[in-house]
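Undergrad: Okay, so here is data.txt, and as you'll see once you scroll down, it has compact mmCIF, C-alpha atoms.
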```txt
# COMPACT_ATOMS: atom_id res chain seq x y z
CA MET K 22 179.62 139.95 165.41
CA LYS K 23 178.91 143.41 166.84
CA ASN K 24 176.97 144.42 163.74
CA THR K 25 174.80 141.32 163.96
CA SER K 26 174.01 142.02 167.63
CA LEU K 27 173.03 145.61 166.81
CA ILE K 28 170.81 144.52 163.95
CA ILE K 29 169.05 141.87 166.09
CA ALA K 30 168.61 144.35 168.97
CA SER K 31 167.10 146.97 166.67
CA ILE K 32 164.75 144.40 165.09
CA CYS K 33 163.59 143.28 168.56
CA THR K 34 163.04 146.91 169.61
CA LEU K 35 160.96 147.60 166.50
CA ALA K 36 158.93 144.45 167.13
CA LEU K 37 158.20 145.51 170.71
CA VAL K 38 157.24 149.03 169.66
CA ALA K 39 154.86 147.64 167.05
CA CYS K 40 153.12 145.51 169.74
CA GLY K 41 152.33 148.53 171.95
CA PRO K 42 148.72 149.46 172.69
CA GLY K 43 147.38 151.76 170.06
CA ARG K 44 144.49 154.17 170.33
CA THR K 45 141.67 153.34 168.00
CA GLU K 46 138.54 155.29 167.27
CA GLN K 47 136.44 152.61 168.99
CA ALA K 48 138.52 152.89 172.17
CA GLU K 49 137.97 156.67 172.20
CA ILE K 50 134.22 156.20 171.67
CA ASP K 51 134.02 153.62 174.48
CA LYS K 52 135.95 155.89 176.83
CA ALA K 53 133.66 158.85 176.09
CA ALA K 54 130.56 156.68 176.59
CA ALA K 55 131.86 155.39 179.94
CA GLU K 56 132.59 158.93 181.14
CA ALA K 57 129.13 160.13 180.07
CA GLU K 58 127.48 157.20 181.88
CA LYS K 59 129.49 157.92 185.03
CA ALA K 60 128.52 161.61 184.93
CA ALA K 61 124.82 160.71 184.50
CA LYS K 62 124.68 158.57 187.66
CA PRO K 63 123.42 160.37 190.77
CA VAL K 64 125.96 160.90 193.52
CA ALA K 65 125.16 158.90 196.64
CA GLU K 66 124.76 161.08 199.70
CA LEU K 67 126.52 159.66 202.73
CA PRO K 68 125.00 159.97 206.18
CA PRO K 69 126.67 162.40 208.56
CA PRO K 70 129.53 160.92 210.63
CA ILE K 71 129.12 159.81 214.23
CA THR K 72 130.47 162.65 216.34
CA LYS K 73 129.58 161.37 219.81
CA SER K 74 128.38 158.11 221.33
CA ALA K 75 126.77 157.94 224.75
CA ILE K 76 125.18 155.34 226.98
CA TYR K 77 122.33 156.62 229.15
CA ARG K 78 120.86 154.82 232.12
CA CYS K 79 117.26 155.76 232.74
CA ARG K 80 114.91 155.45 235.66
CA GLY K 81 112.96 152.25 235.39
CA GLY K 82 116.03 150.24 234.34
CA SER K 83 116.15 151.17 230.66
CA VAL K 84 119.44 151.73 228.89
CA LEU K 85 119.75 153.94 225.80
CA TYR K 86 122.66 153.73 223.39
CA VAL K 87 122.75 157.00 221.43
CA ASP K 88 125.04 157.89 218.52
CA TYR K 89 124.89 161.59 217.66
CA LEU K 90 125.47 162.28 213.96
CA GLY K 91 127.04 165.37 212.43
CA GLU K 92 126.65 168.60 214.34
CA ASN K 93 123.58 167.31 216.23
CA GLU K 94 121.73 166.85 212.93
CA ALA K 95 120.43 163.39 213.81
CA ALA K 96 120.82 160.55 216.28
CA GLN K 97 120.59 156.77 216.22
CA VAL K 98 119.09 155.15 219.30
CA ARG K 99 119.11 151.54 220.50
CA ILE K 100 116.99 150.68 223.51
CA ASP K 101 118.06 148.07 226.11
CA ASP K 102 120.78 146.62 223.83
CA LYS K 103 118.31 145.05 221.43
CA VAL K 104 119.79 143.46 218.34
CA SER K 105 117.25 145.24 216.12
CA LEU K 106 118.16 148.15 213.89
CA PRO K 107 118.59 151.48 215.67
CA ALA K 108 115.89 154.12 215.33
CA MET K 109 116.94 157.19 213.34
CA LEU K 110 115.92 160.42 215.05
CA LYS K 111 116.03 163.79 213.30
CA THR K 112 116.04 167.28 214.74
CA GLU K 113 115.07 170.73 213.57
CA ASP K 114 116.67 172.78 216.35
CA GLY K 115 119.47 170.51 217.60
CA ALA K 116 117.82 170.07 221.00
CA GLN K 117 114.88 167.69 220.47
CA PHE K 118 115.29 164.54 218.39
CA THR K 119 112.16 162.81 217.12
CA SER K 120 111.71 159.52 215.25
CA GLU K 121 109.84 159.53 211.94
CA ASP K 122 106.76 157.93 213.49
CA GLY K 123 106.96 160.15 216.58
CA THR K 124 107.12 157.29 219.12
CA ILE K 125 110.64 158.10 220.36
CA THR K 126 111.82 161.56 221.38
CA ILE K 127 114.98 162.72 223.10
CA ASN K 128 115.40 166.18 224.59
CA GLY K 129 119.00 167.31 225.04
CA SER K 130 122.33 165.83 224.03
CA GLY K 131 124.53 166.27 227.08
CA ASP K 132 125.01 164.22 230.26
CA LYS K 133 121.32 164.41 231.17
CA ILE K 134 118.49 163.85 228.72
CA THR K 135 114.78 163.24 228.82
CA ALA K 136 113.55 160.40 226.62
CA THR K 137 110.03 159.40 225.67
CA LEU K 138 109.91 155.72 224.74
CA PRO K 139 107.07 153.52 223.55
CA GLU K 140 105.45 151.52 226.37
CA LYS K 141 107.73 153.24 228.96
CA GLY K 142 106.63 156.88 228.84
CA SER K 143 108.88 159.78 229.74
CA LEU K 144 112.16 158.90 231.44
CA ALA K 145 114.99 160.99 232.92
CA CYS K 146 118.35 159.56 231.85
CA ASN K 147 121.98 160.17 232.87
CA SER K 148 125.17 159.17 231.09
```
What is this file in C-alpha cells?
TA:
Amino acid sequence: MKNTSLIIASICTLALVACGPGRTEQAEIDKAAAEAEKAAKPVAELPPPITKSAIYRCRGGSVLYVDYLGENEAAQVRIDDKVSLPAMLKTEDGAQFTSEDGTITINGSGDKITATLPEKGSLACNS
C-alpha cells in the first residue's frame, strides 16, 4: 500500500513538472522585441509639480487663482473662477510670468503681485 502511494505521488509530481512553462526560442525573441520597442519610445516629460497655490483679490473686483509650478518655473492662472482651462505662464527670471501670447503677465510671486489682464489692464493684487 505504501509503495503504491509513493509510485502514484512520484508519477503526479513528474506530470506536474512536465506541465511547467518552458522557455522557447520564440518567447525569447518576443521578449527581446518588446524590450527594444519599449526602449525606442520617447519618455514623456511630466510638468513640474505645484509648489504653491494662492488666491489673489485685485482692485476692480477680479480674483486670480494662481498655482506656482516647480521652483517658480511656471504658473497656471484662472481668472474670476472661470471654468475654462487655466493659462500657462512661463518665466525666465522667476519674477515675471508671461503667457505665450503675451496677454497675461504677473510680476512677483509673494503676497502682493501686479497682474496685467486682457480687457482689465494692470491691477494690484493681494493674497
Undergrad: Which one of K:Cys146, K:Ile50, K:Cys79, K:Ser74 sits closest to Lys133 (chain K) if you count only C-alpha atoms?
TA: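 Closest residue, counting only C-alpha atoms: K:Cys146.
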Undergrad: Give me, as an MDAnalysis selection string, all polymer residues having an atom no more than 6 Å from Asp88 (chain K), counting all atoms listed in the file and skipping those fewer than 2 positions away in the same chain.
TA: chainID K and resid 73:74 96:97
Undergrad: I want to know what sits within 10 Å of Ala95 (chain K), based on only C-alpha atoms, with residues of the same chain fewer than 5 positions away left out; could you give that as a list in words?
TA: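 Once the nearby chain positions are removed, what remains is Pro68, Pro69, Pro70, Ile71, Asp88, Tyr89, Leu90, Met109, Leu110, Lys111, Thr112, Glu113, Gly115, Gln117, Phe118, Thr119 and Ser120 of chain K.
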Undergrad: Quick one, how far is CA of Ala75 (chain K) from CA of Gly129 (chain K)?
TA: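 Straight-line distance from CA of Ala75 (chain K) to CA of Gly129 (chain K) works out to 12.2 Å.
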Undergrad: What is the CA of Ile134 (chain K)-CA of Ala108 (chain K) distance in Å, reported with one decimal?
TA: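 Interatomic distance, CA of Ile134 (chain K) to CA of Ala108 (chain K): 16.8 Å.
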Undergrad: List every protein, DNA or RNA residue with an atom no more than 9 Å from (110.3, 152.8, 228.9) in the file's coordinates, counting all atoms listed in the file, and format the result as an MDAnalysis selection string.
TA: chainID K and resid 79:83 100 136:144
Undergrad: Just give me the gap between CA of Asn147 (chain K) and CA of Glu121 (chain K) in Å, one decimal is fine.
TA: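 Computed distance, CA of Asn147 (chain K) to CA of Glu121 (chain K), equals 24.2 Å.
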Undergrad: Looking at all atoms listed in the file, which of K:Glu92, K:Glu49, K:Asp114, K:Glu66 is the one that sits closest to Asn128 (chain K)?
TA: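 The shortest atom-to-atom distance to Asn128 (chain K) comes from K:Asp114.
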Undergrad: Just checking: using all atoms listed in the file, which residue out of K:Ala53, K:Val87, K:Pro107, K:Ser148 ends up closest to Ile127 (chain K)?
TA: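 Nearest to Ile127 (chain K): K:Val87.
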